[in-house]
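Here is the structure we will look at.
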Amino acid sequence: MTPPMGWNSWNTFETNINEQLVKQTADIMVSSGMKDAGYQYIVLDDGWMAKERDSITGDLVPDPLKFPHGMKVVVDYVHAKGLKFGLYNCAGTKTCAGYPGTRGYEYQDARFYASLGIDYLKYDWCNTEGITAKDAYTTMSKALKAARRPMVFSLCEWGTYQPWEWAAPVGHLWRISGDIYPCFDCEFSHGSWSSWGVMRIVDMRKNTELYAGPDHWNDFDMMEVGNGMNQNEDRAHFSIWCMLASPLIAGNDLRSMKKETLAILTNKNVIAINQDQRGMQAFRSKQKDNDSVDMWVKPLKEGLAVCFINRSAKPVLLKHAWNNITYTTPNQPPLRPGEKREDGDDATITFSTSQPLRIWDVWKNAQIGTTANSLSATIQPHDVLLLKLSQ
C-alpha cells in the first residue's frame with residue numbers, strides 16, 4: 001500500500017550477477033541500516049538464468065556458474081535475513097539480454113517462481129513482436145495469481161502504451177519511461193534507443209499523478225544514487241523520487257557505497273514523504289519567481305510536502321510568497337487539515353496557507369519559519385529545498 005523499497009542489480013552490474021553478490025548485498029542491507037529504513041526487496045535483474053530452458057521440464061534454469069547451489073538456496077538466505085527476494089523476466093520470447101523469455105510459458109514460469117518462494121517479479125518488454133502490452137501483462141498477472149504465492153508484480157514496458165491508464169488491476173507498479181542514466185539532465189544514446197537522466201524522466205510524462213495511489217504506483221525507474229552524480233544531484237534525485245511516490249529501488253553497489261550515499265538513501269524524514277499513507281504523487285505547481293526552479297507539491301496524510309529543485313548550474317536565490325495551493329485528484333479523498341473542496345468540482349482541492357503553517361526543512365531536520373512570511377533561501381546547483389508544511 002506504499003511504494004516498494006529495495007535494491008536491483010541492473011544499474012551497476014547488468015548481467016554480471018552471482019550468488020556471492022546477492023548474499024553480500026543482503027548482509028549489507030541489514031548491517032548498514034537500510035533494512036531498518038524500510039528497504040525490503042533484493043531483486044535480480046536480467047542474466048540470472050541459463051541460455052536454455054530445461055530440456056525435459058521446460059523450466060527456467062538458474063545459471064549454474066553464477067548460482068552453483070541453485071536459486072532456492074539464495075532465496076532462503078535472503079529470507080533468513082528478514083528481507084524479500086525478486087527475479088526478472090520478460091513478456092517476449094527472449095529477455096533484453098537474450099535469455100529465455102516467458103512468452104508461451106506464463107503459467108509454468110509463475111509456478112516456478114512460486115516454488116522458489118520469490119516475492120517480486122519485474123517483467124520487461126523486449127522481443128514482443130505480435131503481442132499487445134495490456135494482454136501480455138494481464139496474462140502474466142493471472143498466472144501469478146493462479147500460482148497462489150503473493151508477489152509484487154512490476155510492469156516494465158517503458159510507458160510506451162500508457163500503462164497508467166490500464167495497469168492498476170494488473171500489477172502494483174509500472175515503468176513510465178525507458179531506462180535511467182546516472183546524470184541530472186541528459187539523454188544517453190545507445191543508437192536505436194536512449195537512456196534518460198533524472199530530470200528527463202521527471203519531465204517525460206504529464207498528469208500521471210492522477211493514476212497513482214496505494215497499491216498502484218508510477219515507477220520512475222531504479223535509482224542512480226551513488227552511481228557517479230555529485231552529492232547535490234543525488235540528494236535532488238532521491239528527493240523527487242520520494243515526492244513522486246516512486247518505488248525506491250536502489251541501483252548502486254552497496255558493498256562500496258560512501259557514507260554520504262548511505263545517508264541519503266536512509267534519511268527517514270525524506271523516506272516518510274515517499275511512504276506517506278495517503279499515497280498521493282506530487283504534482284508540478286507554478287513558481288513564478290525563478291524559471292530555473294521547479295516547485296513540486298505532494299499532499300500528505302498530515303500537511304503538505306513542497307520541493308523546490310534548482311535545475312540550473314548556478315546557485316539560485318529563491319524568493320517565494322506563499323499562496324493557497326490548488327490541485328486535482330482522480331477521486332474524492334478525505335479532506336485533511338487545511339484543505340477545502342471547491343464547489344462544483346469534486347476533484348479540485350485547495351490547500352490553504354492563509355493561516356500560518358510551520359515550515360520544516362526536511363534535509364536539515366529543522367523548522368525554518370512559517371508561511372506568514374515569504375520564503376527566502378539559496379539553492380545550490382542541481383540541488384533541492386525540501387520542505388514540509390504543517391499546522
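By order in the C-alpha cells, chains are A, B, ...; within a chain, residues start at 1; ligands start at 1, following the order shown.
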
(request) Could you pull out the residues in stretch 134-370 of chain A that DSSP calls helix (DSSP H, G or I) from the backbone, as a ChimeraX atom specification? (result) /A:134-147,163-165,198-204,208-211,231-243,254-256,259-265,268-274

Mind dumping a table of every stretch 242-285 of chain A residue within 8 Å of stretch 224-227 of chain A, with the nearest atom pair and its distance in Å to one decimal, using only C-alpha atoms, sorted by chain and rising number, as a tab-separated table?
residue	atom	partner	partner_atom	distance
A:Ala250	CA	A:Glu224	CA	7.0
A:Gly251	CA	A:Glu224	CA	5.7
A:Asn252	CA	A:Gly226	CA	5.8
A:Met257	CA	A:Gly226	CA	6.6
A:Lys258	CA	A:Gly226	CA	7.6
A:Thr261	CA	A:Gly226	CA	5.5
A:Leu265	CA	A:Val225	CA	7.7

(request) Could you pull out the residues in stretch 138-288 of chain A that DSSP calls strand (DSSP E or B) from the backbone, as a PyMOL selection string? (result) chain A and resi 152-155+173-175+180+187-189+194-196+213+216-219+248-250+283-285

(request) Determine the nearest neighbour of A:Trp241 from the options A:Met223, A:Met229, A:Ala143, A:Val73, counting only C-alpha atoms. (result) A:Met223

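Using only C-alpha atoms, the smallest distance between any of A:Val61, A:Cys183, A:Leu389, A:Met29 and A:Leu116 comes from A:Val61.
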
(message) Applying 9 Å and only C-alpha atoms, which residues near A:His172 remain after dropping the ones on its own chain fewer than 6 positions away? List them as JSON, numbers by chain.
(response) {"A": [3, 152, 153, 154, 155, 214, 215, 216, 217, 218]}

Print the selection's residues with C-alpha atoms to a file, as a PDB file, in the first residue's frame.
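Saved to again.pdb:
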ATOM      1  CA  PRO A   3       5.793   2.257  -2.813  1.00  0.00           C
ATOM      2  CA  VAL A 152       4.697  -7.731  -6.187  1.00  0.00           C
ATOM      3  CA  PHE A 153       4.203  -7.513  -9.962  1.00  0.00           C
ATOM      4  CA  SER A 154       6.362  -4.809 -11.551  1.00  0.00           C
ATOM      5  CA  LEU A 155       5.452  -3.945 -15.160  1.00  0.00           C
ATOM      6  CA  PRO A 214      -2.000   2.961  -2.684  1.00  0.00           C
ATOM      7  CA  ASP A 215      -1.274  -0.400  -4.364  1.00  0.00           C
ATOM      8  CA  HIS A 216      -0.724   1.132  -7.839  1.00  0.00           C
ATOM      9  CA  TRP A 217       2.348   3.270  -8.480  1.00  0.00           C
ATOM     10  CA  ASN A 218       4.067   5.069 -11.331  1.00  0.00           C
TER      11      ASN A 218
END

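Between A:Gly104 and the candidates A:Glu187, A:Ile264, A:Ala136, A:Thr378, the tightest atom-to-atom separation, counting only C-alpha atoms, involves A:Ala136.
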
(request) Tell me which protein, DNA and RNA residues are within 9 Å of A:Ile271, counting only C-alpha atoms, leaving out same-chain ones fewer than 4 positions away, and put them as a list in words. (result) Ala37, Gly38, Phe238, Ser239, Cys242, Leu248, Leu265, Thr266, Asn267, Gln275 and Asp276 of chain A

(message) Neighbouring residues of A:Met199 were defined as those with any atom within 10 Å, considering only C-alpha atoms; residues of the same chain fewer than 5 positions away were excluded. Please report them as a ChimeraX atom specification.
(response) /A:180,183-186,204,236-237,240,309,311

Once you have the residues from the selection above, write them out as a PDB file, in the first residue's frame, restricted to C-alpha atoms.
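The file below, again.pdb, is the result:
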ATOM      1  CA  ILE A 180      17.530   5.735 -16.353  1.00  0.00           C
ATOM      2  CA  CYS A 183      23.136  12.155 -14.866  1.00  0.00           C
ATOM      3  CA  PHE A 184      20.990  15.036 -13.683  1.00  0.00           C
ATOM      4  CA  ASP A 185      19.587  16.083 -17.058  1.00  0.00           C
ATOM      5  CA  CYS A 186      20.786  14.349 -20.215  1.00  0.00           C
ATOM      6  CA  MET A 204       8.649  12.821 -19.695  1.00  0.00           C
ATOM      7  CA  ALA A 236      17.781  16.010  -5.639  1.00  0.00           C
ATOM      8  CA  HIS A 237      17.272  12.626  -7.327  1.00  0.00           C
ATOM      9  CA  ILE A 240      11.998  13.971  -6.271  1.00  0.00           C
ATOM     10  CA  ILE A 309      14.531  21.974  -7.481  1.00  0.00           C
ATOM     11  CA  ARG A 311      17.729  22.939 -12.454  1.00  0.00           C
TER      12      ARG A 311
END
